[in-house]
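Next comes entry_27.txt, a file with compact mmCIF, C-alpha atoms and all ligand atoms.
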```
# COMPACT_ATOMS: atom_id res chain seq x y z
CA MET E 100 0.00 0.00 0.00
CA THR E 101 1.32 3.43 -0.87
CA TYR E 102 1.56 6.13 1.78
CA SER E 103 -1.26 8.18 0.27
CA LEU E 104 -3.71 5.29 0.71
CA ARG E 105 -2.77 4.79 4.35
CA LYS E 106 -5.65 6.07 6.48
CA ARG E 107 -5.53 7.05 10.14
CA VAL E 108 -8.32 5.02 11.71
CA LEU E 109 -9.70 5.35 15.25
CA VAL E 110 -11.24 2.22 16.80
CA THR E 111 -13.09 2.79 20.09
CA GLY E 112 -13.42 -0.38 22.16
CA GLY E 113 -10.43 -1.66 20.19
CA ALA E 114 -9.24 -3.96 22.99
CA GLY E 115 -12.50 -5.91 22.99
CA PHE E 116 -13.53 -9.03 21.10
CA LEU E 117 -14.66 -7.41 17.84
CA GLY E 118 -12.44 -4.34 18.18
CA SER E 119 -9.22 -6.34 18.41
CA HIS E 120 -10.08 -8.24 15.22
CA LEU E 121 -10.92 -4.97 13.48
CA CYS E 122 -7.60 -3.38 14.56
CA GLU E 123 -5.76 -6.47 13.25
CA ARG E 124 -7.55 -6.33 9.91
CA LEU E 125 -7.00 -2.57 9.44
CA LEU E 126 -3.28 -2.94 10.17
CA ALA E 127 -3.08 -5.86 7.73
CA ASP E 128 -4.68 -3.60 5.10
CA GLY E 129 -1.90 -1.04 5.66
CA HIS E 130 -3.67 1.54 7.83
CA ASP E 131 -2.54 3.50 10.85
CA VAL E 132 -4.67 2.44 13.83
CA LEU E 133 -5.43 4.35 17.02
CA CYS E 134 -7.11 2.03 19.51
CA ILE E 135 -8.84 3.58 22.49
CA ASP E 136 -10.36 1.61 25.34
CA ASN E 137 -11.12 1.97 29.04
CA PHE E 138 -10.55 -1.80 29.56
CA PHE E 139 -13.94 -2.36 31.17
CA THR E 140 -14.49 -5.62 29.29
CA GLY E 141 -11.53 -5.48 26.89
CA THR E 142 -8.03 -6.66 27.79
CA LYS E 143 -4.48 -5.72 26.86
CA GLU E 144 -3.99 -9.39 26.05
CA ASN E 145 -6.37 -9.06 23.10
CA ILE E 146 -4.06 -6.53 21.46
CA ALA E 147 -0.67 -7.41 23.00
CA HIS E 148 0.47 -8.91 19.69
CA LEU E 149 -0.14 -5.55 17.96
CA LEU E 150 1.85 -3.37 20.35
CA ASP E 151 5.15 -3.79 18.49
CA ASN E 152 3.61 -2.60 15.25
CA PRO E 153 4.71 1.03 14.69
CA PHE E 154 1.38 1.75 12.97
CA PHE E 155 -0.60 0.71 16.07
CA GLU E 156 -1.20 3.07 18.97
CA LEU E 157 -3.06 2.32 22.20
CA MET E 158 -4.66 4.94 24.40
CA ARG E 159 -6.56 4.39 27.66
CA HIS E 160 -9.61 6.57 27.34
CA ASP E 161 -13.30 6.52 28.22
CA VAL E 162 -15.55 7.61 25.33
CA THR E 163 -17.91 9.38 27.73
CA PHE E 164 -15.22 12.09 27.85
CA PRO E 165 -14.29 14.29 24.88
CA LEU E 166 -11.41 13.16 22.71
CA TYR E 167 -9.25 15.41 20.58
CA VAL E 168 -7.18 13.46 18.05
CA GLU E 169 -6.65 13.67 14.27
CA VAL E 170 -7.96 10.74 12.22
CA ASP E 171 -9.62 10.07 8.85
CA GLU E 172 -12.14 7.42 9.90
CA ILE E 173 -13.79 6.36 13.17
CA TYR E 174 -15.22 2.96 14.15
CA ASN E 175 -17.25 3.39 17.35
CA LEU E 176 -17.40 -0.02 19.06
CA ALA E 177 -16.95 0.97 22.71
CA CYS E 178 -19.73 -0.60 24.80
CA PRO E 179 -20.03 -3.75 26.92
CA ALA E 180 -22.02 -6.23 24.83
CA SER E 181 -23.37 -9.05 26.99
CA PRO E 182 -26.10 -8.68 29.64
CA ILE E 183 -23.78 -9.84 32.45
CA HIS E 184 -21.39 -7.00 31.63
CA TYR E 185 -23.73 -4.20 30.62
CA GLN E 186 -25.95 -4.73 33.68
CA LEU E 187 -23.03 -4.32 36.11
CA ASP E 188 -23.31 -0.53 35.77
CA PRO E 189 -26.37 0.23 33.67
CA VAL E 190 -26.04 4.00 34.00
CA GLN E 191 -22.49 3.86 32.65
CA THR E 192 -23.77 1.61 29.82
CA THR E 193 -26.25 4.26 28.70
CA LYS E 194 -23.63 6.97 29.09
CA THR E 195 -21.19 4.97 27.00
CA SER E 196 -23.69 4.62 24.16
CA VAL E 197 -25.14 8.14 24.32
CA HIS E 198 -22.31 10.42 25.53
CA GLY E 199 -19.87 8.20 23.65
CA ALA E 200 -21.82 8.70 20.42
CA ILE E 201 -22.05 12.47 20.98
CA ASN E 202 -18.32 12.78 21.59
CA MET E 203 -17.34 10.60 18.64
CA LEU E 204 -19.83 12.40 16.37
CA GLY E 205 -18.46 15.75 17.56
CA LEU E 206 -14.98 14.50 16.75
CA ALA E 207 -16.11 13.30 13.31
CA LYS E 208 -17.83 16.62 12.68
CA ARG E 209 -14.70 18.64 13.50
CA LEU E 210 -12.53 16.37 11.34
CA LYS E 211 -15.10 15.78 8.55
CA ALA E 212 -14.28 12.11 9.15
CA LYS E 213 -16.45 9.16 8.17
CA ILE E 214 -17.90 7.41 11.25
CA PHE E 215 -19.20 3.86 11.82
CA GLN E 216 -21.47 2.81 14.66
CA ALA E 217 -21.63 -0.73 16.06
CA SER E 218 -25.35 -1.04 16.69
CA THR E 219 -27.11 -4.26 17.49
CA SER E 220 -29.98 -6.62 16.71
CA GLU E 221 -31.17 -5.72 20.22
CA VAL E 222 -32.61 -2.48 18.81
CA TYR E 223 -35.43 -4.78 17.57
CA GLY E 224 -36.06 -5.79 21.22
CA ASP E 225 -38.45 -8.72 21.50
CA PRO E 226 -39.39 -8.64 17.83
CA ALA E 227 -42.90 -9.25 16.61
CA ILE E 228 -41.70 -10.31 13.13
CA HIS E 229 -39.09 -12.86 11.99
CA PRO E 230 -36.57 -12.38 10.53
CA GLN E 231 -36.16 -8.67 11.18
CA PRO E 232 -35.64 -6.34 8.22
CA GLU E 233 -34.09 -2.92 8.86
CA HIS E 234 -37.39 -1.09 8.39
CA TYR E 235 -38.91 -2.90 11.39
CA TRP E 236 -38.93 -0.39 14.28
CA GLY E 237 -38.68 -2.94 17.05
CA ASN E 238 -40.43 -3.73 20.29
CA VAL E 239 -38.28 -2.49 23.15
CA ASN E 240 -39.09 -2.09 26.83
CA PRO E 241 -37.79 1.38 27.81
CA ILE E 242 -37.59 0.71 31.58
CA GLY E 243 -36.39 -2.88 32.01
CA PRO E 244 -32.99 -4.30 32.99
CA ARG E 245 -31.94 -4.61 29.31
CA SER E 246 -33.05 -1.08 28.43
CA CYS E 247 -29.70 0.55 29.25
CA TYR E 248 -28.22 -1.38 26.34
CA ASP E 249 -31.15 -1.50 23.91
CA GLU E 250 -32.29 2.10 24.37
CA GLY E 251 -28.71 3.37 24.61
CA LYS E 252 -27.99 1.84 21.20
CA ARG E 253 -31.27 3.15 19.78
CA CYS E 254 -30.47 6.67 20.98
CA ALA E 255 -26.98 6.36 19.46
CA GLU E 256 -28.62 5.50 16.12
CA THR E 257 -30.86 8.58 16.48
CA LEU E 258 -27.79 10.75 17.08
CA PHE E 259 -25.99 9.28 14.07
CA PHE E 260 -28.90 10.06 11.75
CA ASP E 261 -29.43 13.54 13.23
CA TYR E 262 -25.74 14.41 12.76
CA ARG E 263 -26.14 13.18 9.20
CA ARG E 264 -29.24 15.30 8.53
CA GLN E 265 -28.16 18.34 10.56
CA HIS E 266 -24.41 18.46 9.88
CA GLY E 267 -24.03 16.41 6.70
CA LEU E 268 -21.83 13.83 8.40
CA ARG E 269 -20.93 10.64 6.55
CA VAL E 270 -22.27 7.94 8.91
CA LYS E 271 -22.49 4.14 8.70
CA VAL E 272 -24.68 2.16 11.07
CA ALA E 273 -24.38 -1.64 11.34
CA ARG E 274 -26.88 -3.73 13.32
CA ILE E 275 -24.78 -6.66 14.45
CA PHE E 276 -26.29 -10.08 15.19
CA ASN E 277 -24.73 -12.84 17.38
CA THR E 278 -21.07 -13.17 16.50
CA TYR E 279 -18.47 -15.65 17.76
CA GLY E 280 -14.77 -16.35 17.39
CA PRO E 281 -11.43 -16.26 19.20
CA ARG E 282 -11.22 -13.66 22.01
CA MET E 283 -14.88 -13.84 22.91
CA HIS E 284 -15.32 -13.71 26.68
CA PRO E 285 -15.24 -17.07 28.49
CA ASN E 286 -17.52 -15.91 31.34
CA ASP E 287 -20.25 -13.87 29.77
CA GLY E 288 -22.85 -16.64 29.73
CA ARG E 289 -23.28 -16.77 25.94
CA VAL E 290 -24.16 -20.10 24.44
CA ILE E 291 -21.07 -20.64 22.25
CA SER E 292 -18.56 -19.81 24.99
CA ASN E 293 -20.50 -21.76 27.65
CA PHE E 294 -20.79 -24.88 25.49
CA ILE E 295 -17.14 -24.84 24.39
CA VAL E 296 -15.80 -24.35 27.92
CA GLN E 297 -18.12 -27.07 29.27
CA ALA E 298 -17.18 -29.48 26.46
CA LEU E 299 -13.44 -28.91 26.92
CA ARG E 300 -13.79 -29.59 30.65
CA ASN E 301 -15.97 -32.66 30.01
CA GLU E 302 -18.61 -31.04 32.19
CA PRO E 303 -22.34 -31.28 31.42
CA ILE E 304 -23.44 -29.00 28.57
CA THR E 305 -26.28 -26.81 29.85
CA VAL E 306 -29.09 -26.67 27.29
CA HIS E 307 -31.81 -24.22 28.25
CA GLY E 308 -35.37 -25.47 27.79
CA ASP E 309 -35.94 -28.17 25.20
CA GLY E 310 -33.01 -26.88 23.12
CA ASN E 311 -35.18 -26.47 20.03
CA GLN E 312 -34.93 -22.67 20.07
CA THR E 313 -32.81 -21.40 17.20
CA ARG E 314 -30.06 -18.82 16.76
CA SER E 315 -27.75 -17.81 13.92
CA PHE E 316 -24.05 -17.21 14.51
CA CYS E 317 -21.66 -15.16 12.42
CA TYR E 318 -17.93 -15.87 12.45
CA VAL E 319 -15.93 -12.80 13.45
CA ASP E 320 -13.86 -12.60 10.22
CA ASP E 321 -17.04 -12.47 8.13
CA LEU E 322 -18.45 -9.72 10.33
CA ILE E 323 -15.28 -7.60 10.11
CA ALA E 324 -15.34 -7.97 6.32
CA GLY E 325 -18.89 -6.57 6.49
CA PHE E 326 -17.68 -3.59 8.59
CA LEU E 327 -15.11 -2.70 5.92
CA ARG E 328 -17.61 -3.09 3.08
CA LEU E 329 -20.00 -0.78 4.90
CA MET E 330 -17.32 1.82 5.66
CA ASP E 331 -16.27 1.80 1.98
CA SER E 332 -19.82 2.01 0.63
CA PRO E 333 -20.94 5.21 -1.17
CA ASP E 334 -21.54 8.25 1.06
CA THR E 335 -25.23 8.12 0.14
CA PHE E 336 -25.54 4.78 1.98
CA ALA E 337 -25.70 5.13 5.78
CA GLY E 338 -27.68 2.01 6.69
CA PRO E 339 -28.78 0.90 9.17
CA VAL E 340 -27.86 -2.50 7.80
CA ASN E 341 -28.12 -5.92 9.44
CA LEU E 342 -24.86 -7.87 9.57
CA GLY E 343 -25.04 -11.50 10.66
CA ASN E 344 -25.22 -15.06 9.45
CA PRO E 345 -28.74 -16.20 8.57
CA GLU E 346 -28.02 -19.93 8.90
CA GLU E 347 -30.17 -21.15 11.80
CA PHE E 348 -29.33 -23.88 14.33
CA THR E 349 -31.13 -25.30 17.32
CA MET E 350 -29.21 -25.22 20.61
CA ILE E 351 -29.20 -29.04 20.58
CA GLU E 352 -27.46 -28.94 17.19
CA VAL E 353 -24.93 -26.42 18.48
CA ALA E 354 -24.23 -28.56 21.55
CA GLU E 355 -23.75 -31.69 19.43
CA THR E 356 -21.50 -29.94 16.90
CA ILE E 357 -19.29 -28.61 19.70
CA ARG E 358 -19.23 -31.97 21.45
CA ASN E 359 -18.10 -33.67 18.24
CA LEU E 360 -15.47 -31.06 17.37
CA THR E 361 -13.94 -31.18 20.86
CA GLY E 362 -14.19 -35.00 21.17
CA SER E 363 -15.83 -34.32 24.53
CA ARG E 364 -17.41 -36.83 26.90
CA SER E 365 -19.86 -34.19 28.17
CA SER E 366 -23.52 -35.09 28.56
CA LEU E 367 -26.30 -32.67 27.66
CA VAL E 368 -28.35 -31.51 30.64
CA GLN E 369 -31.51 -29.47 30.55
CA GLN E 370 -31.81 -26.22 32.48
CA PRO E 371 -34.82 -23.91 32.79
CA LEU E 372 -35.36 -21.58 29.87
CA PRO E 373 -34.66 -17.99 31.03
CA ALA E 374 -37.62 -15.59 30.99
CA ASP E 375 -38.25 -13.90 27.64
CA ASP E 376 -35.79 -16.18 25.82
CA PRO E 377 -36.65 -15.74 22.11
CA ARG E 378 -37.65 -18.95 20.28
CA GLN E 379 -35.87 -17.82 17.17
CA ARG E 380 -33.42 -15.16 16.04
CA LYS E 381 -32.17 -14.79 12.51
CA PRO E 382 -31.05 -11.75 10.56
CA ASP E 383 -32.58 -10.70 7.28
CA ILE E 384 -29.44 -9.76 5.33
CA GLY E 385 -31.12 -8.88 2.04
CA LEU E 386 -29.97 -5.26 2.31
CA ALA E 387 -26.35 -6.20 3.12
CA ARG E 388 -26.39 -8.49 0.08
CA SER E 389 -27.82 -5.91 -2.31
CA ALA E 390 -26.21 -2.71 -1.01
CA LEU E 391 -22.82 -4.04 0.07
CA GLY E 392 -22.48 -7.25 -1.93
CA TRP E 393 -21.69 -8.89 1.41
CA GLU E 394 -22.64 -12.21 2.86
CA PRO E 395 -20.99 -14.51 5.39
CA GLU E 396 -18.79 -17.29 4.05
CA VAL E 397 -17.67 -19.28 7.08
CA PRO E 398 -19.96 -22.18 8.09
CA LEU E 399 -20.46 -22.78 11.83
CA GLY E 400 -18.36 -25.96 11.85
CA ASP E 401 -15.38 -24.11 10.30
CA GLY E 402 -15.59 -21.06 12.53
CA LEU E 403 -15.90 -23.16 15.67
CA LYS E 404 -12.49 -24.80 15.12
CA PRO E 405 -10.31 -21.70 15.70
CA THR E 406 -12.72 -20.63 18.45
CA ILE E 407 -12.29 -23.95 20.25
CA ALA E 408 -8.50 -23.72 19.77
CA TYR E 409 -8.60 -20.27 21.40
CA PHE E 410 -10.51 -21.56 24.44
CA GLU E 411 -8.15 -24.55 24.72
CA ARG E 412 -5.21 -22.14 25.01
CA LEU E 413 -7.11 -20.01 27.50
CA LEU E 414 -8.08 -22.95 29.72
CA ARG E 415 -4.52 -24.32 29.73
CA ARG E 416 -3.47 -21.09 31.43
CA VAL E 417 -6.12 -21.18 34.17
P1 LIG N 501 -16.46 -6.32 24.11
O1 LIG N 501 -17.03 -6.13 25.48
O2 LIG N 501 -15.47 -7.40 23.92
O3 LIG N 501 -15.85 -4.96 23.57
C1 LIG N 501 -16.27 -3.69 23.96
C2 LIG N 501 -15.03 -2.85 24.25
O4 LIG N 501 -15.43 -1.52 24.60
C3 LIG N 501 -14.22 -3.39 25.42
O5 LIG N 501 -12.86 -3.44 25.06
C4 LIG N 501 -14.48 -2.39 26.53
O6 LIG N 501 -13.41 -2.30 27.46
C5 LIG N 501 -14.68 -1.11 25.74
N1 LIG N 501 -15.47 -0.09 26.43
C6 LIG N 501 -16.63 -0.25 27.11
N2 LIG N 501 -17.04 0.93 27.60
C7 LIG N 501 -16.13 1.87 27.20
C8 LIG N 501 -16.00 3.27 27.38
N3 LIG N 501 -16.90 3.96 28.10
N4 LIG N 501 -14.92 3.90 26.85
C9 LIG N 501 -13.99 3.21 26.14
N5 LIG N 501 -14.06 1.88 25.95
C10 LIG N 501 -15.12 1.22 26.46
O7 LIG N 501 -17.72 -6.52 23.13
P2 LIG N 501 -17.74 -6.86 21.59
O8 LIG N 501 -18.49 -8.13 21.43
O9 LIG N 501 -16.40 -6.73 20.99
O10 LIG N 501 -18.69 -5.68 21.07
C11 LIG N 501 -18.18 -4.55 20.35
C12 LIG N 501 -19.35 -3.70 19.90
O11 LIG N 501 -20.19 -4.45 19.03
C13 LIG N 501 -20.24 -3.20 21.04
O12 LIG N 501 -20.62 -1.88 20.77
C14 LIG N 501 -21.42 -4.12 20.98
O13 LIG N 501 -22.59 -3.50 21.47
C15 LIG N 501 -21.51 -4.44 19.50
N6 LIG N 501 -22.17 -5.73 19.25
C16 LIG N 501 -21.53 -6.93 19.46
C17 LIG N 501 -22.19 -8.13 19.20
C18 LIG N 501 -21.53 -9.49 19.38
O14 LIG N 501 -22.14 -10.52 19.05
N7 LIG N 501 -20.30 -9.57 19.86
C19 LIG N 501 -23.52 -8.12 18.75
C20 LIG N 501 -24.15 -6.88 18.58
C21 LIG N 501 -23.47 -5.70 18.81
N1 LIG N 502 -15.91 16.57 20.80
C1 LIG N 502 -14.80 15.77 20.97
N2 LIG N 502 -13.77 15.94 20.11
C2 LIG N 502 -13.76 16.86 19.11
C3 LIG N 502 -14.91 17.67 18.96
C4 LIG N 502 -15.98 17.48 19.81
O1 LIG N 502 -14.76 14.92 21.83
O2 LIG N 502 -12.76 16.93 18.39
C5 LIG N 502 -17.04 16.36 21.71
C6 LIG N 502 -17.31 17.51 22.65
O3 LIG N 502 -17.49 16.98 23.94
C7 LIG N 502 -18.62 18.08 22.16
C8 LIG N 502 -19.29 16.87 21.50
O4 LIG N 502 -18.21 16.18 20.91
O5 LIG N 502 -19.42 18.53 23.21
C9 LIG N 502 -20.29 17.25 20.43
O6 LIG N 502 -19.67 18.11 19.50
P1 LIG N 502 -20.52 19.10 18.62
O7 LIG N 502 -19.57 19.90 17.81
O8 LIG N 502 -21.55 18.35 17.89
O9 LIG N 502 -21.31 19.99 19.66
P2 LIG N 502 -20.84 21.09 20.73
O10 LIG N 502 -21.27 20.51 22.06
O11 LIG N 502 -19.36 21.25 20.64
O12 LIG N 502 -21.60 22.27 20.33
N1 LIG N 503 -28.28 -21.05 26.12
C1 LIG N 503 -28.20 -22.37 26.48
N2 LIG N 503 -27.22 -22.73 27.35
C2 LIG N 503 -26.30 -21.86 27.85
C3 LIG N 503 -26.37 -20.51 27.44
C4 LIG N 503 -27.39 -20.13 26.57
O1 LIG N 503 -29.01 -23.21 26.05
O2 LIG N 503 -25.43 -22.28 28.63
C5 LIG N 503 -29.35 -20.67 25.19
C6 LIG N 503 -30.11 -19.41 25.57
O3 LIG N 503 -31.15 -19.70 26.50
C7 LIG N 503 -30.63 -18.96 24.22
C8 LIG N 503 -29.50 -19.36 23.25
O4 LIG N 503 -28.74 -20.35 23.94
O5 LIG N 503 -31.79 -19.68 23.88
C9 LIG N 503 -28.58 -18.21 22.87
O6 LIG N 503 -28.15 -17.55 24.06
P1 LIG N 503 -27.12 -16.35 24.05
O7 LIG N 503 -27.17 -15.74 25.42
O8 LIG N 503 -25.81 -16.81 23.56
O9 LIG N 503 -27.67 -15.34 22.96
P2 LIG N 503 -29.06 -14.55 22.79
O10 LIG N 503 -30.13 -15.23 23.59
O11 LIG N 503 -28.80 -13.16 23.23
O12 LIG N 503 -29.31 -14.64 21.32
```
What is this structure when it is put down as structure tokens?
Ligand code: NAD
Ligand code: UDP
Ligand code: UDP
Amino acid sequence: MTYSLRKRVLVTGGAGFLGSHLCERLLADGHDVLCIDNFFTGTKENIAHLLDNPFFELMRHDVTFPLYVEVDEIYNLACPASPIHYQLDPVQTTKTSVHGAINMLGLAKRLKAKIFQASTSEVYGDPAIHPQPEHYWGNVNPIGPRSCYDEGKRCAETLFFDYRRQHGLRVKVARIFNTYGPRMHPNDGRVISNFIVQALRNEPITVHGDGNQTRSFCYVDDLIAGFLRLMDSPDTFAGPVNLGNPEEFTMIEVAETIRNLTGSRSSLVQQPLPADDPRQRKPDIGLARSALGWEPEVPLGDGLKPTIAYFERLLRRV
């Protein structure tokens, strides 16, 4: 890559699961990366291998405070993502989404920089239609224990589109569906991490309810490819656009696939289905296909292998 094509890219939440993969990919593409993180859920370990790269810079910073730096593009990923984490300090979760968006949009406005927002399928709440297209407005409880995350992300979307209308900012909003891969958190209670850790320890695999509920899982490399496609899309396209893998699996199928891939002796045990657990979740990625020419390529079985290898390394150290 020639110098003139090298962009200075800011990644907020860059020490997290998705952020660390994004930083890696941007560096591999020849860009200059500024990673900022307050290390609430992210770790230095996730980015330790990047620290020797002269084009990578790490800054401890909380996005709820203003940030004055000079960059060409901004990816705003900072926000705890799983209920266990975002419910630890719900007020800070809302502040991170809302004040964080305002600060990053203010930064983008001053710099005339393009800005990407990591939104979520949770903006659809407990959806009344399946699968959810982007024009569905959602069904979100504004005052419940998940609201700090769902409403925080919805307000961030509002801010992105108001800065676009009011200040002519170039914005890109991705609604991310369940994603998995190396560096996901081992203790955040998500199904893929729980099942892999249980299988590797030969402990019972905890299937909630009858295990016939379905989910779709996107491998992290596919998702990051979608981020880049969206960032590089024409300025007239802002989204929001769903990014995820539409292939659906029951939790029993996921448990059995993981058990086979790990060669585990774990049994499957049933546990009560949590309240409000959706029967089905699957993204409608028609818009991502048509507007970005993007679709996931990695089947679950293939993506689980490096994910399992990651957890094997992690468990060896505990
Ligand atoms: P993660 O928890 O691994 O990463 C979030 C990062 O943001 C962490 O490094 C954390 O320390 C940092 N952070 C949190 N609050 C901050 C603050 N106030 N200032 C600076 N840094 C802060 O989660 P992830 O899975 O990598 O998620 C990244 C983004 O993608 C989040 O915005 C999340 O809402 C969104 N998302 C993720 C998924 C998924 O399946 N992983 C699905 C939908 C949306
Ligand atoms: N901001 C920032 N970095 C900048 C410019 C702005 O962090 O380089 C923050 C600052 O806190 C400001 C917010 O972004 O309050 C919104 O900026 P904007 O210009 O939209 O509004 P202002 O509040 O400055 O009128
Ligand atoms: N689940 C499960 N066992 C676990 C953890 C989760 O059967 O140990 C189920 C959970 O009840 C849900 C599905 O797996 O039906 C996906 O859960 P996750 O929390 O990963 O994602 P979400 O429900 O947010 O899509």
Review point. CA of Thr219 in chain E and CA of Glu169 in chain E, how far apart in Å?
Key: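 Atom-to-atom, CA of Glu169 in chain E to CA of Thr219 in chain E, that is 27.4 Å.
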Check your understanding: Taking all atoms listed in the file into account, which of E:Gly141, E:Pro189, E:Gly310, E:Gly115 comes nearest Val353 in chain E?
Key ->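 Of the candidates, the smallest distance to Val353 in chain E is held by E:Gly310.
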Revision key, fill the gap. In Å and to one decimal, CA of Arg358 in chain E is distant from CA of Pro303 in chain E by 10.5 Å
Check your understanding: Between E:Met283, E:Leu391, E:Leu268, E:Ile304, which has the minimum distance to Ile351 in chain E (counting all atoms listed in the file)?
Key ->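 Of all the options, E:Ile304 lies closest to Ile351 in chain E.
Closest to ligand LIG 502 (chain N) among E:Phe155, E:Tyr223, E:Phe116, E:Tyr262 is E:Tyr262, based on all atoms listed in the file.
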Please identify all polymer residues within 9 Å of Asn277 in chain E, counting all atoms listed in the file, omitting same-chain residues fewer than 3 positions from it, and present them as a PDB file with C-alpha atoms, in the frame of the given file.
```
ATOM      1  CA  THR E 219     -27.110  -4.260  17.490  1.00  0.00           C
ATOM      2  CA  SER E 220     -29.980  -6.620  16.710  1.00  0.00           C
ATOM      3  CA  ARG E 314     -30.060 -18.820  16.760  1.00  0.00           C
ATOM      4  CA  SER E 315     -27.750 -17.810  13.920  1.00  0.00           C
ATOM      5  CA  PHE E 316     -24.050 -17.210  14.510  1.00  0.00           C
ATOM      6  CA  CYS E 317     -21.660 -15.160  12.420  1.00  0.00           C
ATOM      7  CA  TYR E 318     -17.930 -15.870  12.450  1.00  0.00           C
ATOM      8  CA  GLY E 343     -25.040 -11.500  10.660  1.00  0.00           C
ATOM      9  CA  ASN E 344     -25.220 -15.060   9.450  1.00  0.00           C
TER      10      ASN E 344
END
```
Could you list the protein, DNA and RNA residues that have any atom within 7 Å of ligand LIG 501 (chain N), counting all atoms listed in the file, and write them as a PDB file with C-alpha atoms, in the coordinates of the input?
```
ATOM      1  CA  THR E 111     -13.090   2.790  20.090  1.00  0.00           C
ATOM      2  CA  GLY E 112     -13.420  -0.380  22.160  1.00  0.00           C
ATOM      3  CA  GLY E 113     -10.430  -1.660  20.190  1.00  0.00           C
ATOM      4  CA  ALA E 114      -9.240  -3.960  22.990  1.00  0.00           C
ATOM      5  CA  GLY E 115     -12.500  -5.910  22.990  1.00  0.00           C
ATOM      6  CA  PHE E 116     -13.530  -9.030  21.100  1.00  0.00           C
ATOM      7  CA  LEU E 117     -14.660  -7.410  17.840  1.00  0.00           C
ATOM      8  CA  GLY E 118     -12.440  -4.340  18.180  1.00  0.00           C
ATOM      9  CA  ILE E 135      -8.840   3.580  22.490  1.00  0.00           C
ATOM     10  CA  ASP E 136     -10.360   1.610  25.340  1.00  0.00           C
ATOM     11  CA  ASN E 137     -11.120   1.970  29.040  1.00  0.00           C
ATOM     12  CA  PHE E 138     -10.550  -1.800  29.560  1.00  0.00           C
ATOM     13  CA  PHE E 139     -13.940  -2.360  31.170  1.00  0.00           C
ATOM     14  CA  THR E 140     -14.490  -5.620  29.290  1.00  0.00           C
ATOM     15  CA  GLY E 141     -11.530  -5.480  26.890  1.00  0.00           C
ATOM     16  CA  THR E 142      -8.030  -6.660  27.790  1.00  0.00           C
ATOM     17  CA  HIS E 160      -9.610   6.570  27.340  1.00  0.00           C
ATOM     18  CA  ASP E 161     -13.300   6.520  28.220  1.00  0.00           C
ATOM     19  CA  VAL E 162     -15.550   7.610  25.330  1.00  0.00           C
ATOM     20  CA  THR E 163     -17.910   9.380  27.730  1.00  0.00           C
ATOM     21  CA  LEU E 176     -17.400  -0.020  19.060  1.00  0.00           C
ATOM     22  CA  ALA E 177     -16.950   0.970  22.710  1.00  0.00           C
ATOM     23  CA  CYS E 178     -19.730  -0.600  24.800  1.00  0.00           C
ATOM     24  CA  PRO E 179     -20.030  -3.750  26.920  1.00  0.00           C
ATOM     25  CA  ALA E 180     -22.020  -6.230  24.830  1.00  0.00           C
ATOM     26  CA  THR E 195     -21.190   4.970  27.000  1.00  0.00           C
ATOM     27  CA  GLY E 199     -19.870   8.200  23.650  1.00  0.00           C
ATOM     28  CA  ALA E 217     -21.630  -0.730  16.060  1.00  0.00           C
ATOM     29  CA  SER E 218     -25.350  -1.040  16.690  1.00  0.00           C
ATOM     30  CA  THR E 219     -27.110  -4.260  17.490  1.00  0.00           C
ATOM     31  CA  SER E 220     -29.980  -6.620  16.710  1.00  0.00           C
ATOM     32  CA  ARG E 274     -26.880  -3.730  13.320  1.00  0.00           C
ATOM     33  CA  ILE E 275     -24.780  -6.660  14.450  1.00  0.00           C
ATOM     34  CA  PHE E 276     -26.290 -10.080  15.190  1.00  0.00           C
ATOM     35  CA  ASN E 277     -24.730 -12.840  17.380  1.00  0.00           C
ATOM     36  CA  THR E 278     -21.070 -13.170  16.500  1.00  0.00           C
ATOM     37  CA  TYR E 279     -18.470 -15.650  17.760  1.00  0.00           C
ATOM     38  CA  MET E 283     -14.880 -13.840  22.910  1.00  0.00           C
ATOM     39  CA  HIS E 284     -15.320 -13.710  26.680  1.00  0.00           C
TER      40      HIS E 284
END
```
Practice item. Calculate how many Å separate CA of Lys208 in chain E from CA of Tyr235 in chain E, rounding to one decimal. Key: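 These two atoms are separated by 28.8 Å.
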Sort by chain and increasing residue number a table of all residues of chain E within 6 Å of ligand LIG 502 (chain N), each with its closest pair of atoms and their distance in Å to one decimal, counting only C-alpha atoms and all ligand atoms, and write it as JSON lines.
```
{"residue": "E:Pro165", "atom": "CA", "partner": "N:LIG502", "partner_atom": "O1", "distance": 3.1}
{"residue": "E:Leu166", "atom": "CA", "partner": "N:LIG502", "partner_atom": "O1", "distance": 3.9}
{"residue": "E:Tyr167", "atom": "CA", "partner": "N:LIG502", "partner_atom": "O2", "distance": 4.4}
{"residue": "E:Ile201", "atom": "CA", "partner": "N:LIG502", "partner_atom": "C9", "distance": 5.1}
{"residue": "E:Asn202", "atom": "CA", "partner": "N:LIG502", "partner_atom": "O4", "distance": 3.5}
{"residue": "E:Met203", "atom": "CA", "partner": "N:LIG502", "partner_atom": "O1", "distance": 6.0}
{"residue": "E:Gly205", "atom": "CA", "partner": "N:LIG502", "partner_atom": "O6", "distance": 3.3}
{"residue": "E:Leu206", "atom": "CA", "partner": "N:LIG502", "partner_atom": "C2", "distance": 3.6}
{"residue": "E:Arg209", "atom": "CA", "partner": "N:LIG502", "partner_atom": "O2", "distance": 5.5}
```
Revision key, fill the gap. Using all atoms listed in the file, the best pick from E:Pro382, E:Gly308, E:Pro377, E:Gly129 as closest to Glu233 in chain E would be E:Pro382
Review point. Of the residues E:Leu327, E:Ala255, E:Ala227, E:Ala354, which is the one nearest to Arg380 in chain E, using all atoms listed in the file?
Key: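 Smallest distance to Arg380 in chain E is found for E:Ala227.
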